[in-house]
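Asker: Once you've had a glance at the structure underneath, I'll fire off some questions.
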Amino acid sequence: MRTYLSVIAFLCFFSAASFAQKKKADLIIHSATIVDVATGKTIPHKIIVINGNKITAVADQQQLGFYTSKKIINAKGKYIMPGLWDMHMHFGGGDTLIEENKNLLPLYVVNGITSIRDCAADLSPAVLQWRKEINEGKLTGPTIFTAGPKLEGFRSIWVGDIEVDNSSQLHKAIDSLQKLKVDFVKITDNTMKPELYLEALTEVRLTGLQITGHIPAALTLTEVSNAGLSAVEHISYLLRAGNKNEKEFADKISAGNMTAKQYNQLLLQQFDTVAAMQVYRHLAKNGTAVVPTLSISFTTAYLDQDTHQFDEQLQYIGKGLRNTYAWRIERAAKDTGEAITYRHQLIERAAGLLPLLLKAGVKIIAGTDAGYLNSFVYPGFALHKELELMVQYGLTNQQALTAAVINGPAFLGKQKLYGSVAPGKMADLLLLNENPLKQISATKTIYTVILKGEVFDRARLDAMLLEIKRKAAAE
Ligand SMILES: [Zn+2]
């Protein structure tokens, strides 16, 4: 009897589907298992309907008959998740390297990175142009969010920054950044006066933009968080919170009675977890996030053990960019055994803070620091390593994925368009051969990338890799 009824139900279902007007779609993915990053669960037997650059419907597999499309992907056995975000990278190295930097755009796509946050350097006009062309569909690349030129003090070591020495210059700088329609503001501390730094944080936040950056040693984490710093770039700054006398040391540094290195060494010796947690909870309350950039820290800290000279990924990087890597090798070669041990200790301790930050409720955002100067942190590839490092230092697979696909967009106020496989979201998707909730390295098992509705299957991705390699060799 039960069989008989289910046959009738089956027939009714099919006749309903065939007689009803089928909905046309640009792309249908069926038999998919969705990776719901927010809940950490997989949802099998789904169809995903895409029109233009958006997901317009997500439905049960039985409803496949209600849709029609010239492009259909059978995703049986595949895992579908939102595209990855690298929330800290750089385009840079001077005008002669513009083409080499442009050649990195497809490298991100091939690696499943569908959005990137450019944290400033010396190629802002080119980056702003690429952002526009990508948004208009004229150039293939991840969606770019850029800081434009960053804020610094007078005569900083950086090229291409906007240098400010007083309030009126600061206001002019903020106006010019707004005119460039930057997506956020980056600030660093090379020659930036601490009081002007604090003013910059507050003034930028008043414009509605987020501001992220390095932290002057003369200021405490609490001070910069209270003044409006949206995110701390690089996890090593978070060690300062473990110093019960953070303010006292900050004052010593501003008075010139202590160097930054001495300060860091003290932090390693007297890290106090209770004091740190208090500061981290305060950061969480203020909404100050952390972009750990473990990739760059581990790569440089362990150059004594791995010089990366034979990395397979080097063949995708142009010669000019590869040349910018050399300085770190040269600098590391000069280090004494003591300095090397210190570097290892510093990054191990800093990375070990991740569970404390999570416990305190601080948002962790995935970013690599890939780009020129940042030796052997390979654009695109590095984000997968970043996720693996996050897991190695205490995040669950789900938390690491959250850092890349939920916290990234949310930080830039883009949570409505990104963060899950759901109707109304941007059709930036990865089809993976393996489940990244089970094994974080599964993010590398890319079967297909969907970028704003456009399909890049494995054959197309492999062809792109060959083309990137050819161009890099010719550069
Ligand atoms: Zn950086």
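Quick note on naming: the chains in the structure tokens go A, B, ... in the order shown, residues restart at 1 in each chain, and ligands are numbered from 1 in order of appearance.
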Would you please give, as a PyMOL selection string, all residues of segment 279-417 of chain A that DSSP assigns to helix (DSSP H, G or I) based on the backbone?
Answerer: chain A and resi 279-286+294-301+312-316+319-324+326-334+337-351+354-360+381-392+397-405+407-411
Asker: List the neighbours of Ala126 of chain A out to 9 Å using only C-alpha atoms; skip same-chain residues closer than 3 positions along the sequence, and give me the result as a list in words.
Answerer: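 The residues that qualify are Asp95, Ile98, Lys102, Leu123, Gln129, Trp130 and Arg131 of chain A.
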Asker: Could you check the closest approach to ligand 1 for each of A:Leu105, A:Leu128, A:Ala442, A:Val232 and tell me which residue wins, using only C-alpha atoms and all ligand atoms?
Answerer: A:Val232
Asker: Could you please extract the residues within 10 Å of ligand 1, counting only C-alpha atoms and all ligand atoms, and hand them back as a list of chain:residue names?
Answerer: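 Every residue with an atom at most 10 Å from ligand 1 is listed here: A:Met87, A:His88, A:Met89, A:His90, A:Phe91, A:Asp118, A:Cys119, A:Ala120, A:Ala121, A:Lys186, A:Thr188, A:Gly213, A:His214, A:Glu233, A:His234, A:Thr293, A:Ile296, A:Gly367, A:Thr368, A:Asp369, A:Ala370, A:Gly371, A:Tyr372, A:Leu373, A:Asn374.
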Asker: Hey, can you spit out that residue selection with N, CA and C atoms as a compact mmCIF listing (two decimals), in the first residue's frame?
Answerer:
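selection_9.txt, freshly written:
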```
# COMPACT_ATOMS: atom_id res chain seq x y z
N MET A 87 41.53 38.79 3.41
CA MET A 87 41.27 40.12 3.97
C MET A 87 42.53 40.92 4.31
N HIS A 88 43.67 40.45 3.83
CA HIS A 88 44.88 41.27 3.99
C HIS A 88 45.88 40.86 2.93
N MET A 89 45.96 41.65 1.89
CA MET A 89 46.96 41.42 0.84
C MET A 89 47.38 42.79 0.33
N HIS A 90 48.42 42.78 -0.50
CA HIS A 90 48.92 44.04 -1.06
C HIS A 90 49.21 43.90 -2.54
N PHE A 91 48.83 44.91 -3.29
CA PHE A 91 49.38 45.09 -4.64
C PHE A 91 50.46 46.15 -4.47
N ASP A 118 42.78 44.86 -0.30
CA ASP A 118 44.12 45.40 -0.55
C ASP A 118 44.45 46.41 0.55
N CYS A 119 45.45 46.08 1.34
CA CYS A 119 45.78 46.89 2.52
C CYS A 119 46.83 47.97 2.23
N ALA A 120 46.78 48.52 1.04
CA ALA A 120 47.57 49.70 0.67
C ALA A 120 49.02 49.39 0.31
N ALA A 121 49.50 50.15 -0.63
CA ALA A 121 50.92 50.15 -1.02
C ALA A 121 51.11 51.31 -1.99
N LYS A 186 43.61 52.43 5.82
CA LYS A 186 44.71 51.72 6.49
C LYS A 186 45.63 52.77 7.10
N THR A 188 49.40 53.15 9.43
CA THR A 188 50.55 52.50 10.07
C THR A 188 51.34 53.53 10.87
N GLY A 213 44.94 48.81 11.10
CA GLY A 213 46.36 49.09 10.94
C GLY A 213 47.27 48.51 11.98
N HIS A 214 48.50 48.97 11.91
CA HIS A 214 49.53 48.65 12.90
C HIS A 214 49.31 49.58 14.08
N GLU A 233 45.82 44.74 12.56
CA GLU A 233 46.47 43.90 11.55
C GLU A 233 47.68 43.25 12.23
N HIS A 234 47.79 41.94 12.14
CA HIS A 234 48.91 41.13 12.66
C HIS A 234 48.74 40.82 14.16
N THR A 293 47.10 37.36 10.17
CA THR A 293 48.15 37.20 9.14
C THR A 293 49.26 36.25 9.59
N ILE A 296 52.34 35.26 6.89
CA ILE A 296 53.58 36.03 6.75
C ILE A 296 54.47 35.83 7.97
N GLY A 367 43.39 36.72 6.76
CA GLY A 367 44.16 37.51 5.80
C GLY A 367 45.60 37.02 5.83
N THR A 368 46.31 37.17 4.71
CA THR A 368 47.61 36.53 4.59
C THR A 368 48.81 37.46 4.56
N ASP A 369 48.57 38.71 4.10
CA ASP A 369 49.66 39.66 3.82
C ASP A 369 50.40 39.30 2.53
N ALA A 370 49.76 38.54 1.66
CA ALA A 370 50.40 38.17 0.39
C ALA A 370 50.64 39.42 -0.45
N GLY A 371 51.71 39.36 -1.23
CA GLY A 371 51.99 40.46 -2.14
C GLY A 371 53.46 40.78 -2.18
N TYR A 372 53.80 41.88 -2.81
CA TYR A 372 55.20 42.26 -2.97
C TYR A 372 55.85 42.40 -1.59
N LEU A 373 57.12 42.27 -1.52
CA LEU A 373 57.92 42.34 -0.28
C LEU A 373 57.68 41.17 0.67
N ASN A 374 56.44 40.68 0.68
CA ASN A 374 56.12 39.65 1.68
C ASN A 374 56.45 38.26 1.14
```
Asker: Counting only C-alpha atoms, what is within 10 Å of Gln439 of chain A, bar same-chain residues fewer than 5 positions away, as a count of residues only?
Answerer: 6
Asker: Just to confirm, what's the straight-line distance from atom CA of Ala59 of chain A to atom CA of Gln399 of chain A in Å (one decimal)?
Answerer: 26.1 Å
Asker: So which residues touch segment 140-154 of chain A within 6 Å, counting only C-alpha atoms, skipping near sequence neighbours fewer than 5 positions away, as a list in words?
Answerer: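 Contacts, in chain order: Leu105, Pro106, Thr114, Ser115, Ile116, Arg117, Asp118, Cys119, Ala120, Ser124, Arg131, Asp161, Ile162, Glu163, Val164, Asp165, Val182, Asp183, Phe184, Val185, Lys186, Ile187, Thr188, Thr191 and Met192 of chain A.
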Asker: Please produce, as a tab-separated table, a per-residue contact table for segment 341-386 of chain A versus segment 235-244 of chain A (criterion: any atom at most 10 Å away, only C-alpha atoms considered), showing the nearest atom pair and its distance in Å to one decimal, sorted by chain then residue number.
Answerer:
```
residue	atom	partner	partner_atom	distance
A:Leu346	CA	A:Ser236	CA	7.4
A:Ile347	CA	A:Ser236	CA	6.9
A:Glu348	CA	A:Ser236	CA	9.6
A:Arg349	CA	A:Leu239	CA	7.9
A:Ala350	CA	A:Ser236	CA	5.1
A:Ala351	CA	A:Ile235	CA	6.9
A:Gly352	CA	A:Ile235	CA	9.7
A:Leu353	CA	A:Leu238	CA	7.7
A:Leu354	CA	A:Ile235	CA	8.4
A:Leu357	CA	A:Leu238	CA	9.0
A:Ile364	CA	A:Ile235	CA	9.9
```
Asker: May I have the selected residues written with C-alpha atoms, as an mmCIF file, in the first residue's frame?
Answerer:
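The file below, part-v7.cif, is the result:
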```
data_model
loop_
_atom_site.group_PDB
_atom_site.id
_atom_site.type_symbol
_atom_site.label_atom_id
_atom_site.label_comp_id
_atom_site.auth_asym_id
_atom_site.auth_seq_id
_atom_site.Cartn_x
_atom_site.Cartn_y
_atom_site.Cartn_z
ATOM 1 C CA LEU A 346 57.344 35.482 19.341
ATOM 2 C CA ILE A 347 55.186 33.958 16.626
ATOM 3 C CA GLU A 348 54.480 30.756 18.546
ATOM 4 C CA ARG A 349 53.306 32.781 21.547
ATOM 5 C CA ALA A 350 51.341 35.204 19.411
ATOM 6 C CA ALA A 351 49.589 32.466 17.395
ATOM 7 C CA GLY A 352 48.826 30.754 20.699
ATOM 8 C CA LEU A 353 46.612 33.725 21.572
ATOM 9 C CA LEU A 354 43.967 32.706 19.037
ATOM 10 C CA LEU A 357 40.752 35.896 21.495
ATOM 11 C CA ILE A 364 39.022 36.794 13.800
#
```
Asker: Going by DSSP on the backbone, which bits of segment 205-391 of chain A are strand (DSSP E)? Write them as a list of chain:residue names, please.
Answerer: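 These are the residues in question: A:Ile211, A:Thr212, A:Gly213, A:Ala231, A:Val232, A:Glu233, A:Ala289, A:Val290, A:Val291.
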Asker: Could the residues in this selection be written to a file with C-alpha atoms, as a PDB file, in the first residue's frame?
Answerer:
```
ATOM      1  CA  ILE A 211      40.089  51.897   9.784  1.00  0.00           C
ATOM      2  CA  THR A 212      42.633  49.168  10.410  1.00  0.00           C
ATOM      3  CA  GLY A 213      46.356  49.093  10.940  1.00  0.00           C
ATOM      4  CA  ALA A 231      40.788  45.881  13.363  1.00  0.00           C
ATOM      5  CA  VAL A 232      44.330  45.137  14.454  1.00  0.00           C
ATOM      6  CA  GLU A 233      46.472  43.898  11.555  1.00  0.00           C
ATOM      7  CA  ALA A 289      38.570  42.660  15.221  1.00  0.00           C
ATOM      8  CA  VAL A 290      41.909  40.948  14.604  1.00  0.00           C
ATOM      9  CA  VAL A 291      43.458  39.936  11.266  1.00  0.00           C
TER      10      VAL A 291
END
```
Asker: Would you compute the distance between atom CA of Ala250 of chain A and atom CA of Ile174 of chain A? Give it in Å to one decimal.
Answerer: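 Going from atom CA of Ala250 of chain A over to atom CA of Ile174 of chain A covers 27.0 Å.
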Asker: Counting only C-alpha atoms, what is within 10 Å of Ala301 of chain A, bar same-chain residues fewer than 2 positions away, as a PDB file with N, CA and C atoms, in the first residue's frame?
Answerer:
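And here's out.pdb as it stands now:
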```pdb
ATOM      1  N   SER A 295      50.277  33.647   8.074  1.00  0.00           N
ATOM      2  CA  SER A 295      51.094  33.188   6.938  1.00  0.00           C
ATOM      3  C   SER A 295      52.412  33.937   6.858  1.00  0.00           C
ATOM      4  N   ILE A 296      52.337  35.265   6.892  1.00  0.00           N
ATOM      5  CA  ILE A 296      53.580  36.029   6.751  1.00  0.00           C
ATOM      6  C   ILE A 296      54.468  35.827   7.974  1.00  0.00           C
ATOM      7  N   SER A 297      53.877  35.814   9.152  1.00  0.00           N
ATOM      8  CA  SER A 297      54.685  35.693  10.366  1.00  0.00           C
ATOM      9  C   SER A 297      55.424  34.363  10.415  1.00  0.00           C
ATOM     10  N   PHE A 298      54.718  33.271  10.092  1.00  0.00           N
ATOM     11  CA  PHE A 298      55.372  31.960  10.140  1.00  0.00           C
ATOM     12  C   PHE A 298      56.415  31.821   9.041  1.00  0.00           C
ATOM     13  N   THR A 299      56.092  32.332   7.856  1.00  0.00           N
ATOM     14  CA  THR A 299      57.050  32.206   6.756  1.00  0.00           C
ATOM     15  C   THR A 299      58.348  32.924   7.098  1.00  0.00           C
ATOM     16  N   LEU A 303      62.333  31.247   8.251  1.00  0.00           N
ATOM     17  CA  LEU A 303      63.196  31.261   7.054  1.00  0.00           C
ATOM     18  C   LEU A 303      64.501  30.499   7.292  1.00  0.00           C
ATOM     19  N   ASP A 304      64.905  30.375   8.555  1.00  0.00           N
ATOM     20  CA  ASP A 304      66.125  29.611   8.862  1.00  0.00           C
ATOM     21  C   ASP A 304      65.943  28.128   8.558  1.00  0.00           C
ATOM     22  N   GLN A 305      64.669  27.650   8.603  1.00  0.00           N
ATOM     23  CA  GLN A 305      64.417  26.227   8.360  1.00  0.00           C
ATOM     24  C   GLN A 305      63.936  25.944   6.942  1.00  0.00           C
ATOM     25  N   ASP A 306      63.344  26.954   6.325  1.00  0.00           N
ATOM     26  CA  ASP A 306      62.830  26.776   4.957  1.00  0.00           C
ATOM     27  C   ASP A 306      63.040  28.076   4.200  1.00  0.00           C
ATOM     28  N   ALA A 332      67.229  37.876   7.143  1.00  0.00           N
ATOM     29  CA  ALA A 332      67.203  36.681   8.000  1.00  0.00           C
ATOM     30  C   ALA A 332      68.588  36.041   8.099  1.00  0.00           C
ATOM     31  N   ALA A 339      68.535  35.772  17.854  1.00  0.00           N
ATOM     32  CA  ALA A 339      67.461  36.496  17.157  1.00  0.00           C
ATOM     33  C   ALA A 339      66.476  35.511  16.518  1.00  0.00           C
ATOM     34  N   ILE A 340      67.007  34.405  16.002  1.00  0.00           N
ATOM     35  CA  ILE A 340      66.143  33.398  15.366  1.00  0.00           C
ATOM     36  C   ILE A 340      65.223  32.765  16.410  1.00  0.00           C
ATOM     37  N   THR A 341      65.822  32.396  17.557  1.00  0.00           N
ATOM     38  CA  THR A 341      65.021  31.806  18.634  1.00  0.00           C
ATOM     39  C   THR A 341      63.922  32.761  19.076  1.00  0.00           C
ATOM     40  N   TYR A 342      64.285  34.026  19.174  1.00  0.00           N
ATOM     41  CA  TYR A 342      63.323  35.045  19.591  1.00  0.00           C
ATOM     42  C   TYR A 342      62.166  35.138  18.594  1.00  0.00           C
ATOM     43  N   ARG A 343      62.494  35.113  17.293  1.00  0.00           N
ATOM     44  CA  ARG A 343      61.463  35.175  16.241  1.00  0.00           C
ATOM     45  C   ARG A 343      60.507  33.998  16.366  1.00  0.00           C
ATOM     46  N   HIS A 344      61.070  32.818  16.566  1.00  0.00           N
ATOM     47  CA  HIS A 344      60.220  31.623  16.708  1.00  0.00           C
ATOM     48  C   HIS A 344      59.297  31.766  17.913  1.00  0.00           C
ATOM     49  N   GLN A 345      59.911  32.167  19.044  1.00  0.00           N
ATOM     50  CA  GLN A 345      59.125  32.296  20.284  1.00  0.00           C
ATOM     51  C   GLN A 345      57.986  33.284  20.111  1.00  0.00           C
ATOM     52  N   LEU A 346      58.327  34.410  19.482  1.00  0.00           N
ATOM     53  CA  LEU A 346      57.344  35.482  19.341  1.00  0.00           C
ATOM     54  C   LEU A 346      56.116  35.002  18.569  1.00  0.00           C
ATOM     55  N   ILE A 347      56.338  34.357  17.432  1.00  0.00           N
ATOM     56  CA  ILE A 347      55.186  33.958  16.626  1.00  0.00           C
ATOM     57  C   ILE A 347      54.440  32.787  17.257  1.00  0.00           C
ATOM     58  N   GLU A 348      55.174  31.873  17.891  1.00  0.00           N
ATOM     59  CA  GLU A 348      54.480  30.756  18.546  1.00  0.00           C
ATOM     60  C   GLU A 348      53.564  31.284  19.657  1.00  0.00           C
TER      61      GLU A 348
END
```
Asker: May I ask which of the residues A:Asn135, A:Ser167, A:Ser31, A:Thr273 is the closest one to Ile80 of chain A, counting only C-alpha atoms?
Answerer: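 Using only C-alpha atoms, the shortest distance to Ile80 of chain A belongs to A:Ser31.
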Asker: Select from segment 292-386 of chain A every residue with an atom at most 10 Å from any atom of segment 400-404 of chain A, then for each give the shortest pair of atoms and their distance in Å to one decimal, using only C-alpha atoms, rows by chain and rising number, as a tab-separated table.
Answerer:
```
residue	atom	partner	partner_atom	distance
A:Lys363	CA	A:Ala403	CA	7.7
A:Ile364	CA	A:Ala403	CA	5.5
A:Ile365	CA	A:Ala403	CA	4.5
A:Ala366	CA	A:Ala404	CA	4.9
A:Gly367	CA	A:Ala404	CA	7.8
A:Leu383	CA	A:Ala404	CA	8.6
A:His384	CA	A:Ala404	CA	9.9
A:Glu386	CA	A:Ala400	CA	8.8
```
Asker: Keeping only N, CA and C atoms, write the selected residues to a file as a JSON list (two decimals), in the first residue's frame.
Answerer:
```json
[["chain", "number", "residue", "atom", "x", "y", "z"],
["A", 363, "LYS", "N", 36.36, 39.05, 17.03],
["A", 363, "LYS", "CA", 36.19, 38.50, 15.68],
["A", 363, "LYS", "C", 37.56, 38.31, 15.02],
["A", 364, "ILE", "N", 37.78, 37.11, 14.51],
["A", 364, "ILE", "CA", 39.02, 36.79, 13.80],
["A", 364, "ILE", "C", 38.73, 36.83, 12.30],
["A", 365, "ILE", "N", 39.57, 37.53, 11.57],
["A", 365, "ILE", "CA", 39.37, 37.67, 10.12],
["A", 365, "ILE", "C", 40.59, 37.10, 9.39],
["A", 366, "ALA", "N", 40.33, 36.30, 8.36],
["A", 366, "ALA", "CA", 41.44, 35.64, 7.65],
["A", 366, "ALA", "C", 42.08, 36.56, 6.62],
["A", 367, "GLY", "N", 43.39, 36.72, 6.76],
["A", 367, "GLY", "CA", 44.16, 37.51, 5.80],
["A", 367, "GLY", "C", 45.60, 37.02, 5.83],
["A", 383, "LEU", "N", 46.05, 31.83, 1.32],
["A", 383, "LEU", "CA", 44.86, 31.83, 2.19],
["A", 383, "LEU", "C", 44.57, 30.42, 2.73],
["A", 384, "HIS", "N", 44.83, 29.42, 1.89],
["A", 384, "HIS", "CA", 44.60, 28.04, 2.33],
["A", 384, "HIS", "C", 45.57, 27.68, 3.46],
["A", 386, "GLU", "N", 46.82, 29.91, 5.49],
["A", 386, "GLU", "CA", 46.36, 30.70, 6.64],
["A", 386, "GLU", "C", 45.28, 29.92, 7.41]]
```
Asker: Out of A:Ile317, A:Asn111, A:Asp189, A:Lys385, which residue has the shortest atom-to-atom distance to Ile440 of chain A when counting only C-alpha atoms?
Answerer: A:Lys385
Asker: Determine the nearest neighbour of Tyr393 of chain A from the options A:Pro355, A:Leu412, A:Leu314, A:Lys54, counting only C-alpha atoms.
Answerer: A:Pro355
Asker: Identify which of the residues A:Ala255, A:Ile450, A:Val377, A:Met390 lies closest to His308 of chain A, counting only C-alpha atoms when measuring atom-to-atom distances.
Answerer: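 With only C-alpha atoms as the atom set, the closest residue is A:Val377.
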Asker: Report, in Å to a single decimal, how far apart atom CA of Ser225 of chain A and atom CA of Glu203 of chain A are.
Answerer: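 About the pair atom CA of Glu203 of chain A and atom CA of Ser225 of chain A: they are 13.6 Å apart.
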Asker: Would you pick out the contacts of Glu248 of chain A at 12 Å or less, using only C-alpha atoms, so that residues sharing its chain but fewer than 4 positions from it are not included, and give the list as a VMD selection string?
Answerer: chain A and resid 217 to 220 240 243 to 244 252 to 255 257 to 258 263
Asker: My list of candidates is A:Ala472, A:Val421, A:Ala32, A:Ala25. Which is closest to Gln313 of chain A when distances are computed with only C-alpha atoms?
Answerer: A:Ala472
